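Text of query33.cif, listed as mmCIF, C-alpha atoms:
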data_query
#
loop_
_atom_site.label_atom_id
_atom_site.label_comp_id
_atom_site.auth_asym_id
_atom_site.auth_seq_id
_atom_site.Cartn_x
_atom_site.Cartn_y
_atom_site.Cartn_z
CA MET A 286 68.14 91.34 141.98
CA SER A 287 71.90 90.82 142.03
CA SER A 288 74.26 93.59 140.95
CA MET A 289 75.15 91.52 137.88
CA GLN A 290 71.55 91.29 136.78
CA SER A 291 71.05 95.02 137.23
CA HIS A 292 74.32 95.73 135.38
CA ARG A 293 73.16 93.68 132.38
CA ARG A 294 69.56 94.87 132.39
CA PHE A 295 70.34 98.58 132.24
CA MET A 296 73.40 98.46 130.02
CA PRO A 297 72.63 100.37 126.82
CA SER A 298 72.65 98.27 123.70
CA ARG A 299 75.29 98.76 121.10
CA GLU A 300 74.00 97.81 117.69
CA ARG A 301 76.36 99.39 115.18
CA PHE A 302 80.11 99.33 114.82
CA GLN A 303 80.10 103.08 114.19
CA ASP A 304 78.61 103.61 117.67
CA LEU A 305 81.78 102.27 119.26
CA ARG A 306 84.39 104.56 120.76
CA GLY A 307 88.17 104.22 120.25
CA THR A 308 89.16 101.29 122.44
CA GLU A 309 85.88 99.49 121.79
CA ALA A 310 86.39 99.75 118.02
CA LEU A 311 89.96 98.47 118.41
CA VAL A 312 88.87 95.42 120.41
CA VAL A 313 86.04 94.52 118.01
CA SER A 314 88.26 95.06 114.94
CA VAL A 315 90.95 92.82 116.41
CA LEU A 316 88.34 90.18 117.26
CA ARG A 317 86.91 90.23 113.74
CA LEU A 318 90.35 90.00 112.14
CA TRP A 319 91.31 87.21 114.57
CA ALA A 320 88.25 85.18 113.52
CA GLU A 321 88.67 85.59 109.75
CA PRO A 322 91.26 82.80 109.26
CA LEU A 323 88.90 80.43 111.07
CA ARG A 324 86.19 81.19 108.52
CA GLU A 325 88.40 81.02 105.43
CA PRO A 326 91.71 79.34 106.28
CA GLU A 327 92.77 79.10 102.63
CA ARG A 328 92.80 82.90 102.11
CA GLN A 329 95.41 85.45 103.11
CA HIS A 330 94.24 87.70 105.95
CA PRO A 331 95.58 90.83 107.62
CA HIS A 332 97.48 90.12 110.82
CA TRP A 333 95.15 90.89 113.72
CA GLN A 334 98.16 91.63 115.96
CA ASP A 335 99.14 94.66 113.84
CA GLY A 336 96.27 96.76 115.19
CA MET A 337 97.26 95.94 118.74
CA ALA A 338 100.89 96.89 118.09
CA GLU A 339 99.83 100.14 116.39
CA ALA A 340 97.76 100.98 119.49
CA GLY A 341 100.84 100.56 121.68
CA LEU A 342 99.89 97.22 123.19
CA SER A 343 102.57 94.77 124.22
CA ASN A 344 103.01 91.26 122.86
CA ASP A 345 101.59 90.09 126.21
CA ALA A 346 98.27 91.68 125.23
CA ALA A 347 98.24 89.82 121.90
CA VAL A 348 99.09 86.51 123.58
CA ALA A 349 96.40 87.09 126.22
CA PHE A 350 93.81 87.97 123.55
CA ASP A 351 94.67 84.90 121.49
CA THR A 352 94.62 82.64 124.56
CA LEU A 353 91.30 84.04 125.77
CA MET A 354 89.62 83.57 122.40
CA ARG A 355 91.07 80.08 121.90
CA ILE A 356 89.63 79.06 125.28
CA VAL A 357 86.28 80.55 124.30
CA LEU A 358 86.26 78.68 120.97
CA ALA A 359 87.40 75.40 122.52
CA ALA A 360 84.86 75.41 125.33
CA THR A 361 81.94 77.51 124.09
CA THR A 362 78.51 76.14 124.81
CA ARG A 363 76.92 77.79 121.75
CA PRO A 364 77.76 79.34 118.38
CA LEU A 365 79.27 82.82 118.61
CA ASP A 366 77.80 85.92 116.98
CA LEU A 367 80.91 87.50 115.48
CA HIS A 368 80.61 89.61 112.34
CA ARG A 369 82.95 90.04 109.37
CA PRO A 370 85.33 93.04 109.37
CA PRO A 371 83.33 95.26 106.99
CA CYS A 372 79.97 94.62 108.68
CA PRO A 373 78.34 97.77 110.11
CA ALA A 374 76.35 95.77 112.69
CA LEU A 375 77.74 94.69 116.05
CA GLY A 376 77.45 91.03 117.02
CA THR A 377 75.99 90.21 120.41
CA ASP A 378 79.17 88.36 121.38
CA GLU A 379 81.31 91.28 120.24
CA ALA A 380 79.33 93.49 122.63
CA LEU A 381 79.59 90.82 125.32
CA LEU A 382 83.40 90.80 125.02
CA LEU A 383 83.41 94.59 125.47
CA ASP A 384 81.24 94.27 128.58
CA ILE A 385 83.47 91.53 130.03
CA LEU A 386 86.63 93.54 129.37
CA TRP A 387 85.13 96.68 130.92
CA LEU A 388 84.25 94.74 134.05
CA ALA A 389 87.76 93.25 134.25
CA GLN A 390 89.38 96.67 133.72
CA ASN A 391 87.32 97.99 136.60
CA GLY A 392 88.20 95.21 139.04
CA LYS A 393 84.82 93.49 138.80
CA HIS A 394 86.28 90.08 138.11
CA GLY A 395 83.39 88.13 139.63
CA GLU A 396 80.89 89.91 137.42
CA ALA A 397 83.15 89.42 134.39
CA GLY A 398 83.21 85.69 135.17
CA LEU A 399 79.41 85.62 135.41
CA LEU A 400 79.12 87.21 131.97
CA MET A 401 81.71 84.81 130.56
CA ASN A 402 79.44 82.03 131.74
CA GLU A 403 77.17 83.01 128.81
CA TRP A 404 79.91 81.49 126.61
CA LEU A 405 81.62 78.95 128.80
CA PRO A 406 80.98 76.33 131.45
CA LEU A 407 82.49 77.11 134.86
CA ALA A 408 85.76 75.26 134.14
CA GLY A 409 86.22 77.33 130.97
CA VAL A 410 85.51 80.54 132.86
CA ARG A 411 88.21 79.63 135.37
CA MET A 412 90.71 79.00 132.56
CA ALA A 413 89.77 82.22 130.75
CA MET A 414 90.01 84.57 133.74
CA ALA A 415 93.82 84.81 133.72
CA PRO A 416 94.19 85.85 130.06
CA LEU A 417 91.17 88.16 130.42
CA CYS A 418 92.82 89.95 133.34
CA VAL A 419 96.17 90.16 131.52
CA LEU A 420 94.45 91.67 128.48
CA ALA A 421 92.41 94.13 130.56
CA ALA A 422 95.53 95.26 132.44
CA ALA A 423 97.56 95.59 129.22
CA LEU A 424 94.85 97.77 127.69
CA GLY A 425 94.88 99.94 130.81
CA ARG A 426 98.69 100.26 130.85
CA ALA A 427 98.55 101.42 127.23
CA GLY A 428 95.99 104.08 128.20
CA LEU A 429 93.21 102.22 126.39
CA HIS A 430 90.26 102.27 128.75
CA LEU A 431 86.88 100.95 127.74
CA PRO A 432 84.09 103.45 128.43
CA ASP A 433 81.46 102.58 131.00
CA PRO A 434 78.59 101.16 128.94
CA ALA A 435 76.09 102.49 131.49
CA GLU A 436 77.26 106.02 130.67
CA ASP A 437 76.73 105.60 126.94
CA THR A 438 75.12 108.70 125.52
CA PRO A 439 72.45 108.18 122.89
CA THR A 440 73.05 109.48 119.40
CA PRO A 441 70.25 111.43 117.70
CA ASN A 442 69.36 108.38 115.61
CA ARG A 443 69.69 105.85 118.44
CA PRO A 444 67.94 106.19 121.79
CA ALA A 445 69.53 104.53 124.81
CA VAL A 446 67.66 101.32 125.56
CA GLY A 447 68.35 98.42 127.87
CA ARG A 448 69.97 95.31 126.46
CA ILE A 449 67.60 92.39 126.16
CA ASP A 450 68.96 89.11 127.40
CA ARG A 451 67.62 86.46 125.05
CA PRO A 452 67.48 82.81 126.01
CA HIS A 453 69.79 80.63 123.95
CA ALA A 454 68.45 77.45 122.40
CA GLY A 455 70.51 74.29 122.79
CA VAL A 456 73.03 74.01 119.97
CA ASP A 457 75.95 71.86 118.95
CA ARG A 458 79.16 72.70 120.73
CA GLY A 459 81.91 74.23 118.68
CA ALA A 460 83.24 77.36 117.16
CA SER A 461 80.47 78.14 114.71
CA LEU A 462 80.88 81.78 113.78
CA LEU A 463 77.75 83.45 112.54
CA HIS A 464 76.88 86.62 110.78
#
Could you write out this structure as structure tokens?
Amino acid sequence: MSSMQSHRRFMPSRERFQDLRGTEALVVSVLRLWAEPLREPERQHPHWQDGMAEAGLSNDAAVAFDTLMRIVLAATTRPLDLHRPPCPALGTDEALLLDILWLAQNGKHGEAGLLMNEWLPLAGVRMAMAPLCVLAAALGRAGLHLPDPAEDTPTPNRPAVGRIDRPHAGVDRGASLLH
């Protein structure tokens, strides 16, 4: 078993937004706000960059986040599971982004690329690595470190369980955002 497989198999699942810690909640909130104008372009939406600025992140972090997610949407091989801002559940792709960022923050770029391959073909992974690393470094410089998901402590209502990797059925390419 490769280290990547063992990393994914034993990583505790995160199922609820309220289970997230500081930096994790920031990243998922920014992702959800970033996706809202794609769902309803005719409506006014809060600026997703405001949360990043409030957290002390540079404009480079916002540009890297936007670039990373635009690459993911342009080249994704399946619909993404991203939830709406008020949703208490955590989408599988929201959790995947947290895992990928944690790996990048901890210098495990190869493993981060392998996880990104759940979204993207190899060429897309190559394109997305640079903005991923810029974002991970910017988070670190701002003192925003993602917690090690393997060290997640269970809450009284939620036992720690391994994440289940589900096979993905073939789907149309595109940026279909699901809830």
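Nearest-residue note for Ala415 in chain A: choosing from A:Ser343, A:Thr352, A:Thr362, A:Asn402, the minimum distance belongs to A:Thr352, counting all atoms listed in the file.
Minimum atom-to-atom distance to Arg324 in chain A, evaluated using only C-alpha atoms, belongs to A:Arg369 out of A:Arg369, A:Arg301, A:Ala347, A:Val312.
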If you measure from CA of Gly398 in chain A to CA of Leu311 in chain A, what distance in Å do you get, rounded to one decimal?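 CA of Gly398 in chain A sits 22.1 Å away from CA of Leu311 in chain A.
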Kindly resolve the PyMOL selection byres ((chain A and resi 315) around 10) on the present coordinates and return the residues as a PyMOL selection string. chain A and resi 309-314+316-320+332-337+347+350+370
Residues within 10 Å of Gly341 in chain A, please, as an MDAnalysis selection string. Count all atoms listed in the file; anything in the same chain fewer than 3 positions from it doesn't count. chainID A and resid 335:338 344 346 423:424 426:429
Going by the chain IDs and residue numbers used in this file, which residues fall under the PyMOL selection byres ((chain A and resi 421) around 10)? Write them as a VMD selection string. chain A and resid 346 349 to 350 385 to 392 415 to 420 422 to 426 429 to 431
Nearest to Pro434 in chain A, restricted to only C-alpha atoms and choosing among A:Asp304, A:Asp384, A:Asp351, A:Glu327, comes out as A:Asp384
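Between CA of Arg355 in chain A and CA of Gly395 in chain A the separation is 20.9 Å.
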